[in-house]
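So this block is upload_30.txt, compact mmCIF, C-alpha atoms and all ligand atoms:
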```
# COMPACT_ATOMS: atom_id res chain seq x y z
CA MET A 285 0.00 0.00 0.00
CA THR A 286 1.30 3.46 -0.87
CA PRO A 287 1.43 6.06 1.98
CA SER A 288 -1.29 8.04 0.22
CA ASP A 289 -3.64 5.05 0.28
CA PRO A 290 -6.75 6.40 2.10
CA THR A 291 -7.43 3.00 3.65
CA ILE A 292 -4.34 3.40 5.86
CA ARG A 293 -4.56 7.16 6.48
CA GLU A 294 -5.59 7.71 10.10
CA ASN A 295 -7.12 10.93 11.41
CA LEU A 296 -4.33 11.96 13.78
CA THR A 297 -4.94 15.70 13.96
CA THR A 298 -4.94 15.92 17.73
CA LEU A 299 -6.21 18.89 19.74
CA GLN A 300 -2.61 19.82 20.56
CA ILE A 301 -1.45 19.68 16.91
CA HIS A 302 -4.49 21.68 15.77
CA LEU A 303 -4.05 24.39 18.41
CA ARG A 304 -0.39 24.81 17.51
CA SER A 305 -1.12 24.92 13.76
CA GLN A 306 -3.53 27.86 13.98
CA LYS A 307 -2.60 31.40 12.92
CA ASN A 308 -4.95 32.76 15.61
CA GLY A 309 -2.48 34.09 18.19
CA ARG A 310 -4.95 33.35 20.96
CA ALA A 311 -4.70 29.60 20.15
CA GLY A 312 -1.07 29.56 21.19
CA GLU A 313 -1.64 31.61 24.35
CA LEU A 314 -4.64 29.54 25.48
CA SER A 315 -3.38 26.12 24.37
CA GLY A 316 -2.07 25.21 27.83
CA VAL A 317 -5.35 26.01 29.58
CA ILE A 318 -7.46 24.26 26.95
CA GLU A 319 -5.22 21.17 27.05
CA ALA A 320 -5.52 21.13 30.85
CA ILE A 321 -9.32 21.14 30.53
CA ALA A 322 -9.12 18.39 27.88
CA LEU A 323 -6.93 16.29 30.21
CA ALA A 324 -9.44 16.66 33.06
CA ALA A 325 -12.26 15.81 30.63
CA LYS A 326 -10.58 12.54 29.61
CA SER A 327 -10.47 11.53 33.27
CA ILE A 328 -14.03 12.69 33.90
CA ALA A 329 -15.21 10.70 30.86
CA HIS A 330 -13.65 7.55 32.36
CA LYS A 331 -15.28 8.15 35.74
CA VAL A 332 -18.69 8.88 34.19
CA ARG A 333 -18.51 5.62 32.23
CA ARG A 334 -17.59 3.64 35.39
CA ALA A 335 -19.84 5.56 37.81
CA ARG A 336 -22.18 2.63 38.60
CA ILE A 337 -19.29 0.14 38.73
CA ASP A 338 -17.33 2.37 41.13
CA ASP A 339 -20.47 3.20 43.13
CA VAL A 340 -20.10 6.97 42.76
CA LEU A 341 -23.64 7.57 41.59
CA GLY A 342 -26.13 9.69 43.45
CA ALA A 343 -25.88 12.52 45.91
CA VAL A 344 -23.06 13.28 48.29
CA GLY A 345 -25.62 13.87 51.00
CA ALA A 346 -24.82 17.58 51.08
CA GLN A 347 -26.28 20.51 49.23
CA ASN A 348 -24.40 23.14 47.27
CA LEU A 349 -24.98 26.79 48.04
CA HIS A 350 -27.95 26.77 45.67
CA GLY A 351 -29.68 24.24 47.89
CA GLU A 352 -29.30 21.62 45.14
CA GLU A 353 -28.30 18.04 45.98
CA GLN A 354 -24.57 17.85 45.18
CA GLN A 355 -23.84 14.68 43.21
CA LYS A 356 -20.70 12.66 44.03
CA LEU A 357 -19.56 13.05 40.43
CA ASP A 358 -20.02 16.85 40.60
CA VAL A 359 -17.39 16.99 43.33
CA ILE A 360 -15.08 14.52 41.56
CA ALA A 361 -15.28 16.48 38.28
CA ASP A 362 -14.72 19.78 40.07
CA ASP A 363 -11.65 18.41 41.88
CA LEU A 364 -10.20 17.01 38.65
CA ILE A 365 -10.55 20.26 36.69
CA LEU A 366 -9.11 22.35 39.54
CA HIS A 367 -6.20 19.88 39.92
CA CYS A 368 -5.33 20.11 36.20
CA LEU A 369 -5.61 23.92 36.20
CA ARG A 370 -3.45 24.32 39.30
CA GLU A 371 -0.59 22.85 37.24
CA ARG A 372 -0.89 25.82 34.87
CA HIS A 373 1.18 28.86 35.86
CA ASP A 374 -1.03 31.25 33.90
CA VAL A 375 -4.36 30.55 35.61
CA ALA A 376 -5.28 33.22 38.14
CA VAL A 377 -8.68 32.15 39.34
CA PHE A 378 -11.03 29.17 39.10
CA ALA A 379 -14.78 29.61 39.55
CA SER A 380 -17.26 26.76 39.51
CA GLU A 381 -20.90 25.89 40.12
CA GLU A 382 -19.57 23.60 42.88
CA GLN A 383 -17.56 26.30 44.69
CA ASP A 384 -19.33 28.97 46.73
CA GLU A 385 -16.57 31.48 46.00
CA PRO A 386 -13.86 31.75 43.29
CA VAL A 387 -10.58 29.91 44.07
CA VAL A 388 -7.66 32.36 43.62
CA LEU A 389 -4.57 30.44 42.40
CA ARG A 390 -2.19 33.33 41.72
CA PRO A 391 -2.57 37.10 41.10
CA ARG A 392 -1.63 38.83 37.91
CA SER A 393 1.70 39.98 39.42
CA ASP A 394 2.60 36.28 39.78
CA GLY A 395 1.62 35.40 36.20
CA GLY A 396 -2.08 34.80 36.79
CA ARG A 397 -3.39 35.78 33.36
CA TYR A 398 -6.59 33.75 32.89
CA CYS A 399 -9.85 33.24 34.72
CA VAL A 400 -11.55 29.87 34.13
CA VAL A 401 -15.24 29.45 34.97
CA VAL A 402 -16.82 26.00 34.77
CA ASP A 403 -19.87 23.88 35.29
CA PRO A 404 -17.87 20.73 36.03
CA LEU A 405 -20.60 18.19 35.28
CA ASP A 406 -23.79 19.81 34.06
CA GLY A 407 -26.86 17.59 34.35
CA SER A 408 -24.95 15.16 36.57
CA SER A 409 -28.09 13.51 38.01
CA ASN A 410 -28.65 12.11 34.49
CA VAL A 411 -25.60 9.82 34.94
CA ASP A 412 -27.73 7.61 37.22
CA VAL A 413 -29.78 6.65 34.15
CA ALA A 414 -26.89 6.74 31.63
CA VAL A 415 -28.09 9.92 29.88
CA SER A 416 -25.45 12.25 28.37
CA VAL A 417 -23.91 14.91 30.61
CA GLY A 418 -21.22 17.51 30.04
CA THR A 419 -18.56 19.92 31.25
CA ILE A 420 -18.98 23.58 30.26
CA PHE A 421 -16.10 26.07 30.40
CA SER A 422 -15.49 29.77 29.86
CA ILE A 423 -12.07 31.47 29.73
CA LEU A 424 -11.65 35.17 30.48
CA GLU A 425 -8.69 37.52 30.92
CA ASN A 426 -7.86 38.22 34.56
CA ASP A 427 -8.61 41.94 34.37
CA GLN A 428 -8.13 42.60 38.07
CA PRO A 429 -5.42 44.11 40.30
CA ASP A 430 -3.94 41.53 42.68
CA GLU A 431 -6.13 42.46 45.63
CA THR A 432 -9.40 41.82 43.76
CA THR A 433 -8.45 38.79 41.63
CA ASP A 434 -11.57 36.97 42.88
CA GLN A 435 -13.71 39.53 40.99
CA ALA A 436 -12.31 38.48 37.59
CA PRO A 437 -15.23 36.11 36.74
CA LEU A 438 -17.73 39.02 36.86
CA GLN A 439 -17.32 40.12 33.24
CA PRO A 440 -19.90 40.24 30.44
CA GLY A 441 -19.86 37.28 28.06
CA THR A 442 -18.58 39.48 25.25
CA ARG A 443 -15.23 39.51 27.12
CA GLN A 444 -14.77 35.73 26.91
CA LEU A 445 -11.51 34.70 25.20
CA ALA A 446 -12.76 31.14 24.67
CA ALA A 447 -15.73 28.96 25.55
CA GLY A 448 -16.71 25.35 25.04
CA TYR A 449 -18.03 22.09 26.37
CA VAL A 450 -17.21 18.40 26.55
CA LEU A 451 -20.19 16.10 25.99
CA TYR A 452 -19.96 12.66 27.66
CA GLY A 453 -22.39 10.83 25.38
CA SER A 454 -22.27 7.89 22.96
CA SER A 455 -18.92 9.48 22.12
CA VAL A 456 -16.91 12.08 24.03
CA VAL A 457 -17.10 15.29 22.01
CA MET A 458 -15.23 18.54 22.70
CA VAL A 459 -16.57 21.68 21.03
CA PHE A 460 -15.05 25.10 21.60
CA THR A 461 -14.36 28.51 20.13
CA MET A 462 -11.61 31.09 20.64
CA GLY A 463 -13.57 33.80 18.85
CA GLU A 464 -12.79 32.76 15.28
CA GLY A 465 -15.30 29.99 14.61
CA VAL A 466 -16.24 26.70 16.30
CA ASP A 467 -14.22 23.47 16.08
CA MET A 468 -15.26 19.96 17.11
CA TYR A 469 -13.10 17.07 18.34
CA VAL A 470 -13.93 13.49 19.31
CA LEU A 471 -11.99 11.47 21.88
CA ASP A 472 -10.43 8.33 20.39
CA PRO A 473 -10.25 6.09 23.47
CA VAL A 474 -7.59 3.88 21.89
CA VAL A 475 -5.26 6.75 20.94
CA GLY A 476 -6.31 8.66 24.09
CA GLU A 477 -6.49 11.97 22.19
CA PHE A 478 -9.20 14.39 21.08
CA LEU A 479 -9.07 14.27 17.27
CA LEU A 480 -10.28 17.14 15.07
CA VAL A 481 -13.45 16.11 13.20
CA GLN A 482 -14.88 19.45 12.07
CA GLU A 483 -13.59 23.02 11.67
CA GLY A 484 -15.83 26.07 11.38
CA LEU A 485 -19.04 24.37 12.53
CA ARG A 486 -22.12 26.39 11.41
CA ILE A 487 -25.68 26.13 12.76
CA SER A 488 -28.49 26.04 10.19
CA GLU A 489 -30.32 29.35 9.76
CA GLU A 490 -33.67 27.77 10.63
CA LYS A 491 -35.05 24.38 11.65
CA LYS A 492 -38.50 23.56 13.02
CA ILE A 493 -37.31 21.96 16.26
CA TYR A 494 -37.88 23.49 19.72
CA SER A 495 -36.35 22.16 22.93
CA VAL A 496 -38.07 23.16 26.19
CA ASN A 497 -39.51 21.40 29.25
CA GLU A 498 -43.22 21.82 28.50
CA ALA A 499 -44.13 20.39 31.92
CA TYR A 500 -43.73 23.96 33.21
CA VAL A 501 -45.96 25.55 30.57
CA ASN A 502 -48.43 26.80 33.20
CA ASP A 503 -45.56 28.77 34.80
CA PHE A 504 -44.37 30.26 31.50
CA GLU A 505 -45.06 33.89 30.68
CA ASP A 506 -47.90 34.52 28.21
CA GLY A 507 -45.48 35.26 25.35
CA MET A 508 -43.73 31.90 25.75
CA ARG A 509 -47.08 30.11 25.70
CA ALA A 510 -48.00 32.08 22.57
CA TYR A 511 -44.75 30.91 20.93
CA LEU A 512 -45.56 27.27 21.77
CA ASP A 513 -49.07 27.67 20.32
CA TYR A 514 -47.42 28.99 17.12
CA ALA A 515 -44.92 26.09 17.03
CA HIS A 516 -47.61 23.47 17.63
CA GLY A 517 -49.55 24.85 14.65
CA ALA A 518 -46.55 25.24 12.36
CA GLY A 519 -45.37 21.62 12.25
CA TYR A 520 -42.45 21.90 14.70
CA GLY A 521 -40.81 18.85 16.24
CA SER A 522 -39.96 18.75 19.96
CA ARG A 523 -36.75 17.36 21.45
CA TYR A 524 -35.77 17.68 25.12
CA ILE A 525 -33.07 15.63 26.91
CA GLY A 526 -32.94 17.62 30.13
CA SER A 527 -29.16 17.93 29.96
CA MET A 528 -28.10 21.33 28.63
CA VAL A 529 -24.87 20.21 26.94
CA ALA A 530 -26.71 17.45 25.06
CA ASP A 531 -29.61 19.73 24.07
CA VAL A 532 -27.30 22.53 22.92
CA HIS A 533 -25.02 20.08 21.06
CA ARG A 534 -28.00 18.71 19.13
CA THR A 535 -29.19 22.27 18.43
CA LEU A 536 -25.74 23.26 17.11
CA LEU A 537 -25.54 20.23 14.82
CA LYS A 538 -29.20 19.91 13.74
CA GLY A 539 -30.54 23.46 14.18
CA GLY A 540 -33.62 24.61 16.08
CA VAL A 541 -33.91 26.46 19.39
CA PHE A 542 -33.14 25.48 22.99
CA ILE A 543 -35.17 27.35 25.60
CA TYR A 544 -35.02 27.52 29.38
CA PRO A 545 -37.22 30.55 29.98
CA ALA A 546 -38.08 32.66 32.97
CA THR A 547 -41.05 31.21 34.86
CA THR A 548 -43.33 32.59 37.57
CA LYS A 549 -41.44 30.42 40.07
CA ALA A 550 -37.99 31.33 38.65
CA PRO A 551 -38.27 34.82 37.12
CA GLY A 552 -34.51 34.85 36.43
CA GLY A 553 -34.58 31.43 34.80
CA LYS A 554 -32.80 28.30 36.11
CA LEU A 555 -29.54 28.22 34.17
CA ARG A 556 -26.45 30.13 35.33
CA LEU A 557 -25.14 33.07 33.35
CA LEU A 558 -21.39 32.67 33.86
CA TYR A 559 -20.88 28.94 33.32
CA GLU A 560 -23.91 27.90 31.27
CA GLY A 561 -25.46 30.89 29.47
CA ASN A 562 -22.33 32.79 28.44
CA PRO A 563 -20.12 29.93 27.14
CA MET A 564 -23.02 28.37 25.22
CA ALA A 565 -24.05 31.78 23.86
CA MET A 566 -20.53 32.45 22.56
CA LEU A 567 -20.47 29.06 20.83
CA VAL A 568 -23.90 29.49 19.23
CA GLU A 569 -23.14 33.04 18.02
CA GLN A 570 -19.73 31.94 16.68
CA ALA A 571 -21.57 29.20 14.74
CA GLY A 572 -23.86 31.84 13.18
CA GLY A 573 -26.80 31.51 15.56
CA ALA A 574 -28.30 33.77 18.25
CA ALA A 575 -28.55 33.65 22.04
CA ALA A 576 -31.12 35.81 23.86
CA CYS A 577 -32.20 36.13 27.47
CA GLY A 578 -35.60 37.64 26.77
CA ALA A 579 -34.52 41.20 27.48
CA GLY A 580 -31.65 41.11 24.99
CA ARG A 581 -28.42 39.30 24.11
CA ILE A 582 -27.06 36.96 26.81
CA LEU A 583 -23.46 38.03 26.12
CA ASP A 584 -24.28 41.69 26.84
CA VAL A 585 -25.40 41.08 30.45
CA THR A 586 -22.99 42.51 33.02
CA PRO A 587 -22.96 40.01 35.91
CA THR A 588 -23.17 41.16 39.52
CA LYS A 589 -23.14 37.75 41.21
CA LEU A 590 -21.03 34.65 40.50
CA HIS A 591 -24.00 32.26 40.42
CA GLN A 592 -26.66 34.52 38.98
CA ARG A 593 -29.21 32.94 36.66
CA THR A 594 -30.44 33.87 33.19
CA PRO A 595 -33.29 32.89 30.89
CA VAL A 596 -31.88 31.10 27.81
CA ILE A 597 -33.22 31.17 24.23
CA MET A 598 -30.47 30.02 21.85
CA GLY A 599 -30.05 28.32 18.49
CA SER A 600 -30.77 29.06 14.81
CA SER A 601 -31.21 32.84 14.51
CA ALA A 602 -34.54 32.58 12.66
CA GLU A 603 -35.89 30.28 15.41
CA VAL A 604 -34.66 32.54 18.22
CA ALA A 605 -36.40 35.44 16.41
CA HIS A 606 -39.68 33.47 16.35
CA VAL A 607 -39.46 33.02 20.12
CA THR A 608 -38.47 36.60 20.98
CA ARG A 609 -41.16 37.95 18.62
CA HIS A 610 -43.83 36.20 20.74
CA ALA A 611 -42.24 36.37 24.18
P1 LIG B 1 -35.33 20.69 34.11
C1 LIG B 1 -29.62 19.88 34.52
O1 LIG B 1 -30.08 19.75 35.85
C2 LIG B 1 -29.77 21.34 34.11
O2 LIG B 1 -29.00 22.15 34.93
C3 LIG B 1 -29.42 21.52 32.65
O3 LIG B 1 -28.41 20.67 32.23
C4 LIG B 1 -30.73 21.24 31.94
O4 LIG B 1 -30.86 21.94 30.72
C5 LIG B 1 -31.78 21.70 32.96
O5 LIG B 1 -31.14 21.70 34.24
C6 LIG B 1 -32.96 20.78 33.00
O6 LIG B 1 -33.86 21.33 33.93
O7 LIG B 1 -36.04 21.65 35.03
O8 LIG B 1 -35.98 20.65 32.72
O9 LIG B 1 -35.13 19.31 34.67
```

Could you render the structure as structure tokens?
Ligand code: P6P
Amino acid sequence: MTPSDPTIRENLTTLQIHLRSQKNGRAGELSGVIEAIALAAKSIAHKVRRARIDDVLGAVGAQNLHGEEQQKLDVIADDLILHCLRERHDVAVFASEEQDEPVVLRPRSDGGRYCVVVDPLDGSSNVDVAVSVGTIFSILENDQPDETTDQAPLQPGTRQLAAGYVLYGSSVVMVFTMGEGVDMYVLDPVVGEFLLVQEGLRISEEKKIYSVNEAYVNDFEDGMRAYLDYAHGAGYGSRYIGSMVADVHRTLLKGGVFIYPATTKAPGGKLRLLYEGNPMAMLVEQAGGAAACGAGRILDVTPTKLHQRTPVIMGSSAEVAHVTRHA
């Protein structure tokens, strides 16, 4: 067989090779942080797969500051990501859904250049029933003087340098952007590397699929109910997994709109701005879609609290427009 024979050509464009091959200067600067997140994700993927075998399913028996049952795997994932980031000498501060306050690793004067904000294992309760879950991450510049490094996460989403997720599903998929388009990688468990499978991922302009938990329809605002009446009469399909990373990943690849709206019980929505809304909004916009919070663009919101919530309407721009026109 000649070397050019396609039957022997392997896809061996690893995450590391791809980051180093890019002209985008930010790729080089952020490669260490992104590779640290990818390393943690490989370990998290292994633990998610073995969760029932290793008896780490279910709740820790404690609640996080939001009063939500903390899952054992939430804590394991959080520890793994923090451990991998501590090894980086350019990470200033780590903020997480699982940490009440940001963890300051080093100030700017000691080389702390980046702020990493994560949802370590979003939708973790789904692991108990083997439904896909994911890690969501957002990378910002540490824009703070040494004495207020812990305030670095409180920046609008437009200031993100990079954002992405790792989906632990039928395959382990890493999708992220550094502001110049969206790239997708799949973990090859034999090689042990994330391999590039798509560059410049684009979301379709429109697709008649909506993704929302209609069990709460009686708590939706009138405009959201009006949108659903429109969708029901216009031949839309409905898909809802109940795991944000899986629902957003399907929306990115197939089109449509993912919605977690404000409700009468949760007027600010359920999902968190800094480590769910903002990173997903950057990805969707970079793929040519739109991401609204009802009152405007998610990325334009200036956060005041680390764990503040936001309504989420994101996906194909024409579909987001249909929702915001009614809501
Ligand atoms: P509900 C999972 O608990 C999560 O945080 C997101 O991953 C998901 O989109 C949402 O909550 C599901 O919430 O109220 O529909 O179960």

Proximity of chain A to ligand LIG 1 (chain B): per-residue shortest pair, 10 Å limit, all atoms listed in the file, as CSV:
```
residue,atom,partner,partner_atom,distance
A:Glu352,CA,B:LIG1,O1,9.5
A:Asp403,CA,B:LIG1,O2,9.3
A:Leu405,CA,B:LIG1,O3,8.7
A:Asp406,CA,B:LIG1,O3,5.0
A:Gly407,CA,B:LIG1,C1,3.6
A:Ser408,CA,B:LIG1,O1,6.9
A:Ser409,CA,B:LIG1,O1,6.9
A:Asn410,CA,B:LIG1,C1,7.8
A:Ser416,CA,B:LIG1,O3,9.7
A:Val417,CA,B:LIG1,O3,7.5
A:Gly418,CA,B:LIG1,O3,8.2
A:Thr419,CA,B:LIG1,O3,9.9
A:Ser495,CA,B:LIG1,O4,9.5
A:Val496,CA,B:LIG1,O8,7.3
A:Asn497,CA,B:LIG1,O8,5.0
A:Glu498,CA,B:LIG1,O8,8.5
A:Ala499,CA,B:LIG1,O8,8.2
A:Tyr500,CA,B:LIG1,O7,8.2
A:Tyr524,CA,B:LIG1,O8,8.2
A:Ile525,CA,B:LIG1,O4,7.7
A:Gly526,CA,B:LIG1,C6,4.3
A:Ser527,CA,B:LIG1,O3,3.6
A:Met528,CA,B:LIG1,O4,3.5
A:Val529,CA,B:LIG1,O3,6.4
A:Ala530,CA,B:LIG1,O3,8.0
A:Asp531,CA,B:LIG1,O4,7.1
A:Val532,CA,B:LIG1,O4,8.6
A:Phe542,CA,B:LIG1,O4,8.8
A:Ile543,CA,B:LIG1,O4,8.6
A:Tyr544,CA,B:LIG1,O4,7.1
A:Gly553,CA,B:LIG1,O7,9.9
A:Lys554,CA,B:LIG1,O5,7.1
A:Leu555,CA,B:LIG1,O2,6.1
A:Arg556,CA,B:LIG1,O2,8.4
A:Glu560,CA,B:LIG1,O2,8.5
A:Val596,CA,B:LIG1,O4,9.7
```

Two-atom distance - CA of Thr535 in chain A, CA of Glu477 in chain A (Å):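 That distance, rounded to one decimal, is 25.2 Å.
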
Spatial sel., origin (-23.2, 9.0, 26.7), limit 7 Å, all atoms listed in the file, listed as a PyMOL selection string: chain A and resi 414-416+452-455

Would you output that residue set with C-alpha atoms, as a PDB file, keeping the file's coordinate frame?
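Saved file selection_6.pdb follows:
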```pdb
ATOM      1  CA  ALA A 414     -26.890   6.740  31.630  1.00  0.00           C
ATOM      2  CA  VAL A 415     -28.090   9.920  29.880  1.00  0.00           C
ATOM      3  CA  SER A 416     -25.450  12.250  28.370  1.00  0.00           C
ATOM      4  CA  TYR A 452     -19.960  12.660  27.660  1.00  0.00           C
ATOM      5  CA  GLY A 453     -22.390  10.830  25.380  1.00  0.00           C
ATOM      6  CA  SER A 454     -22.270   7.890  22.960  1.00  0.00           C
ATOM      7  CA  SER A 455     -18.920   9.480  22.120  1.00  0.00           C
TER       8      SER A 455
END
```

Residue with smallest distance to Ala329 in chain A - pool A:Thr442, A:Met462, A:Val474, A:Ala361, counting all atoms listed in the file: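 That would be A:Ala361, the residue with the smallest distance to Ala329 in chain A.
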
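In this model, the gap between CA of Ile301 in chain A and CA of Arg370 in chain A comes to 23.0 Å.
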
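Atom to atom, CA of Glu371 in chain A and CA of Phe421 in chain A stand 17.3 Å apart.
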
Nearby residues (all atoms listed in the file) at most 10 Å from Gly580 in chain A, same-chain spacing under 5 positions excluded, as a count of residues only: 3

Selected residue, from A:Ala322, A:Arg581, A:Val450, A:Ala611, that lies nearest to Ala510 in chain A when counting all atoms listed in the file: A:Ala611

12 Å contact set for Asp338 in chain A, all atoms listed in the file, chain neighbours under 6 positions out, as a PyMOL selection string: chain A and resi 330-332+356-357

Contact check, range 334-429 of chain A to range 566-569 of chain A, at most 12 Å, counting only C-alpha atoms, closest pairs as CSV:
```
residue,atom,partner,partner_atom,distance
A:Ile420,CA,A:Leu567,CA,11.0
A:Phe421,CA,A:Leu567,CA,10.9
A:Ser422,CA,A:Met566,CA,9.3
A:Ile423,CA,A:Met566,CA,11.1
```

Could you write those residues out with C-alpha atoms, as a short mmCIF file (atom, residue, chain, number, x, y, z; two decimals), keeping the file's coordinate frame?
```cif
data_model
loop_
_atom_site.label_atom_id
_atom_site.label_comp_id
_atom_site.auth_asym_id
_atom_site.auth_seq_id
_atom_site.Cartn_x
_atom_site.Cartn_y
_atom_site.Cartn_z
CA ILE A 420 -18.98 23.58 30.26
CA PHE A 421 -16.10 26.07 30.40
CA SER A 422 -15.49 29.77 29.86
CA ILE A 423 -12.07 31.47 29.73
#
```

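Residue nearest Leu349 in chain A, chosen from A:Glu505, A:Glu385, A:Glu603, A:Asp427 and counting all atoms listed in the file: A:Glu385.
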
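Those DNA, RNA and protein residues that approach the point (-26.0, 13.2, 48.0) to within 12 Å, considering only C-alpha atoms, are Val340, Leu341, Gly342, Ala343, Val344, Gly345, Ala346, Gln347, Asn348, Gly351, Glu352, Glu353, Gln354, Gln355, Lys356, Leu357, Asp358, Val359, Ser408 and Ser409 of chain A.
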
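Comparing the minimum interatomic distances between Val466 in chain A and each of A:Leu537, A:Arg397, A:Glu489, A:Ala376, counting all atoms listed in the file, we find that A:Leu537 sits nearest.
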
Nearest to Arg333 in chain A by atom-to-atom distance, counting only C-alpha atoms, from A:Ala446, A:Ala436, A:Val456, A:Val377: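 Of A:Ala446, A:Ala436, A:Val456, A:Val377, the one nearest Arg333 in chain A, counting only C-alpha atoms, is A:Val456.
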
Using all atoms listed in the file: which of A:Leu296, A:Ala576, A:Ile487, A:Ile328 has the shortest distance to Leu451 in chain A: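 Comparing A:Leu296, A:Ala576, A:Ile487, A:Ile328 against Leu451 in chain A, the winner is A:Ile328.
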